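As stored in target21.txt (compact mmCIF, C-alpha atoms and all ligand atoms):
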# COMPACT_ATOMS: atom_id res chain seq x y z
CA MET X 525 65.14 66.29 81.21
CA PHE X 526 65.99 65.46 84.83
CA LYS X 527 69.16 63.51 85.50
CA GLU X 528 67.64 61.33 88.19
CA LYS X 529 64.83 58.87 87.58
CA ILE X 530 62.35 61.07 89.39
CA LEU X 531 59.38 58.84 88.62
CA GLN X 532 61.11 55.58 89.66
CA GLU X 533 58.55 52.80 90.22
CA GLN X 534 55.60 55.16 89.76
CA ILE X 535 52.57 53.86 87.87
CA ALA X 536 51.46 56.33 85.18
CA VAL X 537 48.18 55.96 83.28
CA ILE X 538 47.88 57.90 80.02
CA THR X 539 44.56 57.87 78.18
CA GLY X 540 45.04 57.94 74.41
CA GLY X 541 48.68 57.04 75.13
CA GLY X 542 49.25 54.96 71.99
CA THR X 543 49.55 57.93 69.59
CA GLY X 544 50.66 61.55 69.29
CA LEU X 545 51.25 63.56 72.43
CA GLY X 546 50.03 60.78 74.76
CA LYS X 547 52.75 58.45 73.47
CA GLU X 548 55.40 61.16 73.80
CA ILE X 549 54.37 61.78 77.43
CA ALA X 550 54.55 58.02 78.06
CA ILE X 551 58.10 57.93 76.61
CA GLU X 552 59.18 60.91 78.74
CA TYR X 553 57.72 59.30 81.87
CA ALA X 554 59.29 55.93 81.04
CA ARG X 555 62.72 57.58 80.60
CA HIS X 556 62.35 58.86 84.15
CA GLY X 557 61.58 55.46 85.64
CA ALA X 558 57.77 55.16 85.51
CA LYS X 559 55.85 52.02 84.62
CA ILE X 560 53.43 52.90 81.86
CA VAL X 561 49.77 52.07 81.26
CA ILE X 562 48.18 53.27 78.03
CA CYS X 563 44.52 52.89 77.08
CA SER X 564 42.32 53.78 74.10
CA ARG X 565 39.78 52.21 71.74
CA LYS X 566 41.96 50.78 68.98
CA LEU X 567 44.24 47.83 69.60
CA GLU X 568 46.53 48.78 66.69
CA HIS X 569 47.20 52.18 68.32
CA LEU X 570 47.96 50.54 71.65
CA GLU X 571 50.22 47.82 70.22
CA SER X 572 52.24 50.17 68.03
CA GLY X 573 52.44 52.71 70.91
CA ARG X 574 53.66 50.01 73.31
CA ASP X 575 56.28 48.81 70.81
CA ASP X 576 57.63 52.36 70.40
CA ILE X 577 57.73 53.04 74.15
CA VAL X 578 59.46 49.72 74.87
CA SER X 579 61.98 50.07 72.04
CA GLN X 580 62.92 53.61 73.11
CA THR X 581 63.00 53.10 76.88
CA GLY X 582 62.79 49.40 77.80
CA ALA X 583 60.02 50.29 80.28
CA GLU X 584 57.25 47.97 81.44
CA VAL X 585 54.09 48.88 79.49
CA MET X 586 50.52 47.67 80.03
CA ILE X 587 47.90 48.25 77.32
CA HIS X 588 44.13 48.18 77.75
CA GLN X 589 41.32 48.73 75.26
CA LEU X 590 38.53 51.02 76.42
CA ASP X 591 36.26 53.86 75.47
CA VAL X 592 36.52 56.69 78.02
CA ARG X 593 32.86 57.49 77.31
CA GLU X 594 31.87 54.29 79.13
CA PRO X 595 32.25 54.60 82.92
CA ASN X 596 31.91 50.82 83.37
CA GLU X 597 34.84 50.24 81.04
CA VAL X 598 36.87 52.87 82.90
CA LYS X 599 36.12 51.14 86.22
CA GLN X 600 37.15 47.72 84.84
CA PHE X 601 40.31 49.32 83.50
CA ALA X 602 41.22 50.95 86.82
CA ASP X 603 40.63 47.63 88.61
CA ALA X 604 42.86 45.83 86.10
CA VAL X 605 45.69 48.34 86.64
CA VAL X 606 45.42 48.06 90.42
CA ASP X 607 45.32 44.24 90.17
CA ARG X 608 48.59 44.32 88.25
CA PHE X 609 50.50 47.16 89.91
CA GLY X 610 48.72 47.74 93.23
CA ARG X 611 48.31 51.52 92.75
CA ILE X 612 48.01 54.39 90.27
CA ASP X 613 50.30 57.36 90.91
CA ILE X 614 49.68 59.52 87.84
CA LEU X 615 46.70 60.00 85.54
CA VAL X 616 47.08 61.96 82.29
CA ASN X 617 43.70 62.77 80.74
CA ASN X 618 44.86 63.09 77.14
CA ALA X 619 42.25 61.18 75.06
CA ALA X 620 40.27 63.52 72.84
CA GLY X 621 38.42 63.89 69.58
CA ASN X 622 38.08 67.02 67.45
CA PHE X 623 37.23 68.15 63.93
CA LEU X 624 36.59 71.45 62.14
CA TYR X 625 32.96 72.46 61.60
CA PRO X 626 31.00 75.73 61.59
CA SER X 627 28.80 75.88 64.70
CA GLU X 628 25.56 76.60 62.82
CA LYS X 629 25.91 73.33 60.87
CA LEU X 630 27.56 71.13 63.50
CA PRO X 631 25.63 67.82 63.70
CA ILE X 632 24.32 67.25 67.23
CA ALA X 633 25.88 63.77 67.15
CA GLY X 634 29.30 65.40 66.56
CA TRP X 635 28.75 67.86 69.43
CA LYS X 636 27.75 65.02 71.75
CA ALA X 637 30.65 62.76 70.72
CA VAL X 638 33.32 65.38 71.50
CA ILE X 639 31.67 66.50 74.75
CA ASP X 640 31.37 62.85 75.74
CA ILE X 641 35.04 62.00 75.11
CA VAL X 642 36.66 65.20 76.37
CA LEU X 643 34.41 66.44 79.18
CA ASN X 644 32.56 63.32 80.36
CA GLY X 645 35.45 60.92 79.69
CA THR X 646 37.86 63.13 81.63
CA PHE X 647 35.46 63.22 84.57
CA TYR X 648 34.85 59.43 84.57
CA CYS X 649 38.61 58.75 84.56
CA SER X 650 39.25 61.44 87.19
CA GLN X 651 36.51 60.24 89.53
CA ILE X 652 37.25 56.52 89.24
CA ILE X 653 41.04 56.80 89.41
CA GLY X 654 40.68 59.67 91.91
CA ASN X 655 38.92 57.28 94.29
CA GLN X 656 41.83 54.86 93.94
CA MET X 657 44.26 57.71 94.68
CA ILE X 658 42.22 58.77 97.72
CA ALA X 659 42.30 55.17 98.99
CA GLN X 660 46.08 54.89 98.52
CA GLY X 661 46.84 58.31 100.05
CA GLY X 662 47.55 60.53 97.04
CA GLY X 663 48.44 60.95 93.39
CA GLN X 664 48.72 63.38 90.51
CA MET X 665 46.50 64.30 87.59
CA ILE X 666 47.22 66.28 84.44
CA ASN X 667 44.54 67.34 81.99
CA ILE X 668 45.47 68.23 78.42
CA LEU X 669 43.62 71.39 77.41
CA ALA X 670 44.05 73.94 74.65
CA THR X 671 44.19 77.74 74.97
CA TYR X 672 40.83 78.02 73.21
CA ALA X 673 39.34 76.85 76.52
CA TRP X 674 39.40 80.57 77.40
CA HIS X 675 39.81 82.53 74.15
CA GLY X 676 37.26 80.46 72.17
CA GLY X 677 37.81 78.09 69.26
CA PRO X 678 36.14 79.21 66.05
CA GLY X 679 35.41 76.05 64.00
CA THR X 680 35.72 73.80 67.06
CA VAL X 681 32.95 74.92 69.42
CA HIS X 682 32.48 71.35 70.71
CA SER X 683 36.14 70.91 71.69
CA ALA X 684 36.55 74.49 73.02
CA SER X 685 33.43 74.09 75.20
CA ALA X 686 34.56 70.70 76.48
CA LYS X 687 38.10 71.91 77.26
CA ALA X 688 36.65 74.96 79.09
CA GLY X 689 34.71 72.49 81.23
CA VAL X 690 37.87 70.51 81.90
CA LEU X 691 39.66 73.71 82.96
CA ALA X 692 36.90 74.32 85.52
CA MET X 693 37.16 70.66 86.54
CA THR X 694 40.94 71.00 87.02
CA ARG X 695 40.57 73.95 89.37
CA THR X 696 37.65 72.41 91.23
CA LEU X 697 39.26 69.02 91.83
CA ALA X 698 42.58 70.66 92.77
CA VAL X 699 40.86 72.34 95.70
CA GLU X 700 38.54 69.45 96.63
CA TRP X 701 41.25 66.80 96.56
CA ALA X 702 44.16 68.75 98.04
CA ARG X 703 43.12 67.26 101.39
CA HIS X 704 43.65 63.81 99.84
CA ASN X 705 47.19 64.72 98.73
CA ILE X 706 46.17 64.77 95.06
CA ARG X 707 47.52 67.53 92.82
CA VAL X 708 45.46 68.35 89.72
CA ASN X 709 47.02 70.49 86.99
CA ALA X 710 46.62 71.10 83.27
CA ILE X 711 48.61 72.15 80.27
CA ALA X 712 47.33 74.15 77.31
CA PRO X 713 49.50 73.49 74.28
CA GLY X 714 49.20 75.50 71.12
CA PRO X 715 49.00 73.51 67.90
CA PHE X 716 51.53 70.69 67.46
CA ASP X 717 51.82 68.38 64.51
CA THR X 718 50.43 64.88 65.10
CA GLU X 719 48.77 62.64 62.55
CA GLY X 720 45.43 63.03 64.36
CA ALA X 721 45.61 66.84 64.31
CA ARG X 722 46.93 66.97 60.74
CA THR X 723 44.07 64.92 59.29
CA ARG X 724 41.31 66.62 61.26
CA LEU X 725 42.50 70.21 61.85
CA TRP X 726 45.01 71.29 59.17
CA PRO X 727 44.60 68.88 56.26
CA THR X 728 46.36 71.20 53.77
CA GLU X 729 49.81 72.82 53.83
CA GLU X 730 48.15 76.17 53.23
CA LEU X 731 46.03 75.80 56.36
CA GLN X 732 49.07 74.64 58.32
CA LYS X 733 51.07 77.70 57.21
CA SER X 734 48.24 80.07 58.08
CA ILE X 735 48.34 78.61 61.61
CA THR X 736 52.13 78.79 62.09
CA ASP X 737 52.11 82.35 60.67
CA GLU X 738 49.96 83.32 63.68
CA ILE X 739 52.44 81.93 66.23
CA PRO X 740 55.06 84.45 67.44
CA LEU X 741 57.72 81.69 67.57
CA ASN X 742 56.53 80.85 64.02
CA ARG X 743 56.44 77.06 64.34
CA PHE X 744 54.55 74.20 65.93
CA ALA X 745 55.88 72.81 69.21
CA ASP X 746 57.95 69.64 69.17
CA LEU X 747 56.04 66.94 71.01
CA GLN X 748 58.93 66.62 73.45
CA GLU X 749 58.67 70.30 74.39
CA VAL X 750 55.09 69.64 75.49
CA ALA X 751 55.76 66.28 77.13
CA ARG X 752 58.56 67.77 79.25
CA ALA X 753 56.18 70.35 80.70
CA VAL X 754 53.85 67.50 81.69
CA LEU X 755 56.78 65.69 83.30
CA TYR X 756 57.74 68.83 85.23
CA LEU X 757 54.19 69.32 86.58
CA THR X 758 54.05 65.73 87.82
CA SER X 759 57.57 65.82 89.25
CA PRO X 760 58.53 66.60 92.86
CA TYR X 761 59.89 69.94 91.56
CA ALA X 762 56.27 71.08 91.13
CA SER X 763 55.08 69.78 94.50
CA TYR X 764 53.46 73.12 95.50
CA ILE X 765 51.66 73.63 92.18
CA THR X 766 48.03 72.59 91.94
CA GLY X 767 45.02 73.89 90.01
CA GLU X 768 47.38 75.52 87.50
CA CYS X 769 47.24 75.47 83.71
CA LEU X 770 50.62 75.88 82.01
CA VAL X 771 50.47 77.36 78.51
CA ILE X 772 52.99 75.98 75.99
CA ASP X 773 52.10 77.69 72.74
CA GLY X 774 55.04 79.75 71.44
CA GLY X 775 53.21 82.92 72.48
CA ALA X 776 50.28 82.12 70.16
CA TRP X 777 47.32 83.24 72.22
CA LEU X 778 49.00 86.36 73.60
CA GLY X 779 50.05 87.25 70.05
CA LYS X 780 46.50 87.25 68.79
CA GLY X 781 46.03 90.95 69.54
CA ILE X 782 48.62 93.56 68.58
CA GLY X 783 51.21 90.80 68.04
CA ARG X 784 49.63 90.04 64.67
CA ILE X 785 50.74 93.39 63.25
CA MET X 786 54.37 93.40 64.45
CA ASP X 787 55.65 93.73 60.86
CA LYS X 788 53.47 96.83 60.49
CA VAL X 789 54.71 98.16 63.83
CA ASP X 790 58.27 97.91 62.47
CA GLN X 791 57.17 99.72 59.32
CA PHE X 792 55.48 102.53 61.28
CA ALA X 793 58.51 102.92 63.54
CA GLU X 794 60.78 103.27 60.49
CA MET X 795 58.43 105.87 58.97
CA ARG X 796 58.35 107.82 62.22
CA GLU X 797 62.13 107.67 62.49
CA ALA X 798 62.51 108.83 58.87
CA SER X 799 60.18 111.74 59.46
CA ARG X 800 62.06 112.67 62.69
CA ARG X 801 65.35 112.64 60.77
CA ASN X 802 63.77 114.86 58.10
CA ARG X 803 62.57 117.32 60.73
CA MET X 804 66.02 117.39 62.37
CA GLY X 805 67.65 117.86 58.96
CA ASN X 806 65.29 120.70 58.15
CA LYS X 807 66.19 122.59 61.34
P1 LIG M 901 45.73 62.04 68.74
O1 LIG M 901 47.04 61.46 68.36
O2 LIG M 901 44.58 61.95 67.79
O3 LIG M 901 45.35 61.39 70.14
C1 LIG M 901 44.07 61.23 70.61
C2 LIG M 901 44.07 59.88 71.36
O4 LIG M 901 42.81 59.76 72.03
C3 LIG M 901 44.23 58.70 70.43
O5 LIG M 901 45.26 57.86 70.94
C4 LIG M 901 42.89 57.97 70.51
O6 LIG M 901 43.08 56.56 70.42
C5 LIG M 901 42.37 58.41 71.87
N1 LIG M 901 40.92 58.42 71.96
C6 LIG M 901 40.06 59.11 71.16
N2 LIG M 901 38.79 58.85 71.53
C7 LIG M 901 38.86 57.99 72.58
C8 LIG M 901 37.88 57.37 73.39
N3 LIG M 901 36.57 57.57 73.19
N4 LIG M 901 38.29 56.55 74.38
C9 LIG M 901 39.62 56.34 74.59
N5 LIG M 901 40.59 56.90 73.87
C10 LIG M 901 40.20 57.72 72.86
O7 LIG M 901 45.82 63.58 69.14
P2 LIG M 901 46.98 64.52 69.68
O8 LIG M 901 47.14 65.56 68.64
O9 LIG M 901 48.15 63.75 70.17
O10 LIG M 901 46.23 65.21 70.93
C11 LIG M 901 46.47 64.80 72.26
C12 LIG M 901 45.83 65.80 73.21
O11 LIG M 901 46.35 67.10 73.02
C13 LIG M 901 44.32 65.93 73.07
O12 LIG M 901 43.74 66.10 74.34
C14 LIG M 901 44.16 67.21 72.26
O13 LIG M 901 42.91 67.82 72.44
C15 LIG M 901 45.28 68.02 72.85
N6 LIG M 901 45.74 69.12 72.00
C16 LIG M 901 46.23 68.85 70.76
C17 LIG M 901 46.70 69.91 69.98
C18 LIG M 901 47.30 69.65 68.63
O14 LIG M 901 47.60 70.63 67.94
N7 LIG M 901 47.51 68.43 68.21
C19 LIG M 901 46.66 71.22 70.48
C20 LIG M 901 46.14 71.45 71.76
C21 LIG M 901 45.70 70.39 72.51
P3 LIG M 901 41.99 55.56 69.79
O15 LIG M 901 41.65 56.09 68.44
O16 LIG M 901 42.72 54.26 69.77
O17 LIG M 901 40.83 55.55 70.73
Let me see whether you can do it: turn the structure in this file into structure tokens.
Amino acid sequence: MFKEKILQEQIAVITGGGTGLGKEIAIEYARHGAKIVICSRKLEHLESGRDDIVSQTGAEVMIHQLDVREPNEVKQFADAVVDRFGRIDILVNNAAGNFLYPSEKLPIAGWKAVIDIVLNGTFYCSQIIGNQMIAQGGGQMINILATYAWHGGPGTVHSASAKAGVLAMTRTLAVEWARHNIRVNAIAPGPFDTEGARTRLWPTEELQKSITDEIPLNRFADLQEVARAVLYLTSPYASYITGECLVIDGGAWLGKGIGRIMDKVDQFAEMREASRRNRMGNK
């Protein structure tokens, strides 16, 4: 996206970076000169993610198994990264879990699991790596949200509630840590097609079509379109932006009101025009 290697020699940590959007962000960062650290629970995700990042970019990639729900594991992870690279310049809080369920039947264990990964896990990573950034004199954080953090997420109350908490966390930490030269921003993508999302959120083509039909640009985002926005927010070109949440959703959440009936608006306009022509003709 940028000609120069704007992240040259920077150390970027991406939670859940072995799959989906996290891997795409890692590839975008690596193309711009960053050294990459990806972490998640499953070794097979990390190894296949590392192989893809290395084969596409040739970047140096560190992998580390952890569960973001365990603050001790996050601390050991941060120490291991600092032992190897000496600092952490960028943290992308991308790890998440989600599944469709009506709120009145949602098992409490499912509620707790998603809150624990998305809200608590994001805070553990932010606090522990934030302390490292404070000690080294600065850094950048990006949290991956979803627009239902503010418009609500029917069928995903656990994830919507957790992401709303992370939006509040983004704005809070942006102000608290500005004095430590740490910028904290977020992105809110609309739906994009990853294996994780496909299996848990739109398992049928019919469901997938009903979602894209609601998006004014009438398609999912490409992963690269989302990853490039993350790159921009962490680049020097965004050096005065903090506490912001950039929406990348093809107009989806704005289109939820009157946008849904645009075809009918066209129809009504034609009818009105026809009746105006009739009236003129009759005069
Ligand atoms: P994904 O491929 O399923 O990625 C989720 C990642 O999180 C996986 O790599 C997973 O790896 C990791 N993870 C899950 N639980 C973890 C835990 N307890 N500890 C550490 N890592 C954990 O999903 P995606 O679709 O790319 O989504 C990426 C981000 O975008 C998420 O924050 C999601 O909420 C957000 N988002 C997605 C969409 C969409 O339509 N896909 C829309 C809006 C926002 P392991 O299984 O190896 O742990």
Ligand LIG 901 (chain M): which residues are within 6 Å, counting all atoms listed in the file? Reply as a ChimeraX atom specification. /X:539-546,564-566,569,590-593,618-621,641,668-670,713-718,720-721
Put those residues in a file: C-alpha atoms, as a PDB file, in the coordinates of the input.
ATOM      1  CA  THR X 539      44.560  57.870  78.180  1.00  0.00           C
ATOM      2  CA  GLY X 540      45.040  57.940  74.410  1.00  0.00           C
ATOM      3  CA  GLY X 541      48.680  57.040  75.130  1.00  0.00           C
ATOM      4  CA  GLY X 542      49.250  54.960  71.990  1.00  0.00           C
ATOM      5  CA  THR X 543      49.550  57.930  69.590  1.00  0.00           C
ATOM      6  CA  GLY X 544      50.660  61.550  69.290  1.00  0.00           C
ATOM      7  CA  LEU X 545      51.250  63.560  72.430  1.00  0.00           C
ATOM      8  CA  GLY X 546      50.030  60.780  74.760  1.00  0.00           C
ATOM      9  CA  SER X 564      42.320  53.780  74.100  1.00  0.00           C
ATOM     10  CA  ARG X 565      39.780  52.210  71.740  1.00  0.00           C
ATOM     11  CA  LYS X 566      41.960  50.780  68.980  1.00  0.00           C
ATOM     12  CA  HIS X 569      47.200  52.180  68.320  1.00  0.00           C
ATOM     13  CA  LEU X 590      38.530  51.020  76.420  1.00  0.00           C
ATOM     14  CA  ASP X 591      36.260  53.860  75.470  1.00  0.00           C
ATOM     15  CA  VAL X 592      36.520  56.690  78.020  1.00  0.00           C
ATOM     16  CA  ARG X 593      32.860  57.490  77.310  1.00  0.00           C
ATOM     17  CA  ASN X 618      44.860  63.090  77.140  1.00  0.00           C
ATOM     18  CA  ALA X 619      42.250  61.180  75.060  1.00  0.00           C
ATOM     19  CA  ALA X 620      40.270  63.520  72.840  1.00  0.00           C
ATOM     20  CA  GLY X 621      38.420  63.890  69.580  1.00  0.00           C
ATOM     21  CA  ILE X 641      35.040  62.000  75.110  1.00  0.00           C
ATOM     22  CA  ILE X 668      45.470  68.230  78.420  1.00  0.00           C
ATOM     23  CA  LEU X 669      43.620  71.390  77.410  1.00  0.00           C
ATOM     24  CA  ALA X 670      44.050  73.940  74.650  1.00  0.00           C
ATOM     25  CA  PRO X 713      49.500  73.490  74.280  1.00  0.00           C
ATOM     26  CA  GLY X 714      49.200  75.500  71.120  1.00  0.00           C
ATOM     27  CA  PRO X 715      49.000  73.510  67.900  1.00  0.00           C
ATOM     28  CA  PHE X 716      51.530  70.690  67.460  1.00  0.00           C
ATOM     29  CA  ASP X 717      51.820  68.380  64.510  1.00  0.00           C
ATOM     30  CA  THR X 718      50.430  64.880  65.100  1.00  0.00           C
ATOM     31  CA  GLY X 720      45.430  63.030  64.360  1.00  0.00           C
ATOM     32  CA  ALA X 721      45.610  66.840  64.310  1.00  0.00           C
TER      33      ALA X 721
END
For atom CA of X:Thr646 and atom CA of X:Val690, the interatomic separation in Å (one decimal):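 These two atoms are separated by 7.4 Å.
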Could you tell me how far atom CA of X:Asn596 sits from atom CA of X:Ile577, in Å to one decimal place?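 Interatomic distance, atom CA of X:Ile577 to atom CA of X:Asn596: 27.5 Å.
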Using only C-alpha atoms - which residues lie no farther than 12 Å from the point (34.4, 72.4, 84.4) in the file's frame? Write them as a VMD selection string. chain X and resid 639 642 to 644 646 to 647 667 669 673 to 674 684 to 698
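Each of X:Gln600, X:Glu730, X:Ala536, X:Asp737 was compared to X:Asp787 using only C-alpha atoms, and X:Asp737 turns out to be the nearest.
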Point-to-point distance from atom CA of X:Ala745 to atom CA of X:Glu548, Å rounded to tenths: 12.5 Å
Take every atom of stretch 613-617 of chain X listed in the file, fit an axis-aligned box around them, add 5 Å per side, and give the centre and edge lengths in Å to one decimal as AutoDock Vina command-line options.
--center_x 47.0 --center_y 60.1 --center_z 85.8 --size_x 16.6 --size_y 15.4 --size_z 20.2
Out of X:Ser572, X:Gln534, X:Gln651, X:Ser759, which residue has the shortest atom-to-atom distance to X:Ala554 when counting all atoms listed in the file? X:Gln534
Could I get stretch 668-688 of chain X rebuilt with N, CA, C and O atoms, written as an mmCIF file, in the frame of the given file?
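Output (out_26.cif):
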data_model
loop_
_atom_site.group_PDB
_atom_site.id
_atom_site.type_symbol
_atom_site.label_atom_id
_atom_site.label_comp_id
_atom_site.auth_asym_id
_atom_site.auth_seq_id
_atom_site.Cartn_x
_atom_site.Cartn_y
_atom_site.Cartn_z
ATOM 1 N N ILE X 668 44.926 67.560 79.606
ATOM 2 C CA ILE X 668 45.470 68.230 78.420
ATOM 3 C C ILE X 668 44.374 69.117 77.821
ATOM 4 O O ILE X 668 43.363 68.624 77.312
ATOM 5 N N LEU X 669 44.603 70.413 77.918
ATOM 6 C CA LEU X 669 43.620 71.390 77.410
ATOM 7 C C LEU X 669 44.109 71.984 76.099
ATOM 8 O O LEU X 669 44.935 71.420 75.403
ATOM 9 N N ALA X 670 43.586 73.140 75.783
ATOM 10 C CA ALA X 670 44.050 73.940 74.650
ATOM 11 C C ALA X 670 43.688 75.367 75.026
ATOM 12 O O ALA X 670 42.725 75.592 75.782
ATOM 13 N N THR X 671 44.442 76.356 74.523
ATOM 14 C CA THR X 671 44.190 77.740 74.970
ATOM 15 C C THR X 671 42.803 78.220 74.571
ATOM 16 O O THR X 671 42.265 79.130 75.186
ATOM 17 N N TYR X 672 42.188 77.572 73.565
ATOM 18 C CA TYR X 672 40.830 78.020 73.210
ATOM 19 C C TYR X 672 39.807 77.705 74.297
ATOM 20 O O TYR X 672 38.651 78.088 74.169
ATOM 21 N N ALA X 673 40.231 77.019 75.359
ATOM 22 C CA ALA X 673 39.340 76.850 76.520
ATOM 23 C C ALA X 673 38.932 78.204 77.070
ATOM 24 O O ALA X 673 37.871 78.343 77.668
ATOM 25 N N TRP X 674 39.797 79.242 76.904
ATOM 26 C CA TRP X 674 39.400 80.570 77.400
ATOM 27 C C TRP X 674 39.275 81.620 76.306
ATOM 28 O O TRP X 674 38.516 82.558 76.459
ATOM 29 N N HIS X 675 39.993 81.461 75.157
ATOM 30 C CA HIS X 675 39.810 82.530 74.150
ATOM 31 C C HIS X 675 38.813 82.128 73.064
ATOM 32 O O HIS X 675 38.541 82.898 72.164
ATOM 33 N N GLY X 676 38.240 80.900 73.161
ATOM 34 C CA GLY X 676 37.260 80.460 72.170
ATOM 35 C C GLY X 676 37.938 79.792 70.993
ATOM 36 O O GLY X 676 39.090 80.101 70.669
ATOM 37 N N GLY X 677 37.228 78.852 70.359
ATOM 38 C CA GLY X 677 37.810 78.090 69.260
ATOM 39 C C GLY X 677 36.915 78.101 68.033
ATOM 40 O O GLY X 677 36.165 77.146 67.814
ATOM 41 N N PRO X 678 36.990 79.172 67.235
ATOM 42 C CA PRO X 678 36.140 79.210 66.050
ATOM 43 C C PRO X 678 36.371 77.970 65.174
ATOM 44 O O PRO X 678 37.514 77.635 64.871
ATOM 45 N N GLY X 679 35.291 77.275 64.800
ATOM 46 C CA GLY X 679 35.410 76.050 64.000
ATOM 47 C C GLY X 679 35.472 74.791 64.847
ATOM 48 O O GLY X 679 35.377 73.683 64.330
ATOM 49 N N THR X 680 35.658 74.973 66.171
ATOM 50 C CA THR X 680 35.720 73.800 67.060
ATOM 51 C C THR X 680 34.975 74.101 68.359
ATOM 52 O O THR X 680 35.519 73.931 69.449
ATOM 53 N N VAL X 681 33.708 74.527 68.218
ATOM 54 C CA VAL X 681 32.950 74.920 69.420
ATOM 55 C C VAL X 681 32.797 73.763 70.391
ATOM 56 O O VAL X 681 32.800 73.961 71.616
ATOM 57 N N HIS X 682 32.654 72.542 69.862
ATOM 58 C CA HIS X 682 32.480 71.350 70.710
ATOM 59 C C HIS X 682 33.722 71.131 71.582
ATOM 60 O O HIS X 682 33.629 70.967 72.792
ATOM 61 N N SER X 683 34.900 71.162 70.947
ATOM 62 C CA SER X 683 36.140 70.910 71.690
ATOM 63 C C SER X 683 36.436 72.073 72.647
ATOM 64 O O SER X 683 36.803 71.853 73.807
ATOM 65 N N ALA X 684 36.255 73.331 72.158
ATOM 66 C CA ALA X 684 36.550 74.490 73.020
ATOM 67 C C ALA X 684 35.650 74.458 74.258
ATOM 68 O O ALA X 684 36.110 74.713 75.383
ATOM 69 N N SER X 685 34.371 74.115 74.063
ATOM 70 C CA SER X 685 33.430 74.090 75.200
ATOM 71 C C SER X 685 33.815 72.982 76.170
ATOM 72 O O SER X 685 33.779 73.161 77.394
ATOM 73 N N ALA X 686 34.182 71.823 75.615
ATOM 74 C CA ALA X 686 34.560 70.700 76.480
ATOM 75 C C ALA X 686 35.837 71.019 77.260
ATOM 76 O O ALA X 686 35.941 70.754 78.466
ATOM 77 N N LYS X 687 36.835 71.605 76.579
ATOM 78 C CA LYS X 687 38.100 71.910 77.260
ATOM 79 C C LYS X 687 37.892 72.989 78.331
ATOM 80 O O LYS X 687 38.541 72.968 79.375
ATOM 81 N N ALA X 688 36.966 73.946 78.060
ATOM 82 C CA ALA X 688 36.650 74.960 79.090
ATOM 83 C C ALA X 688 36.088 74.268 80.321
ATOM 84 O O ALA X 688 36.412 74.629 81.462
#
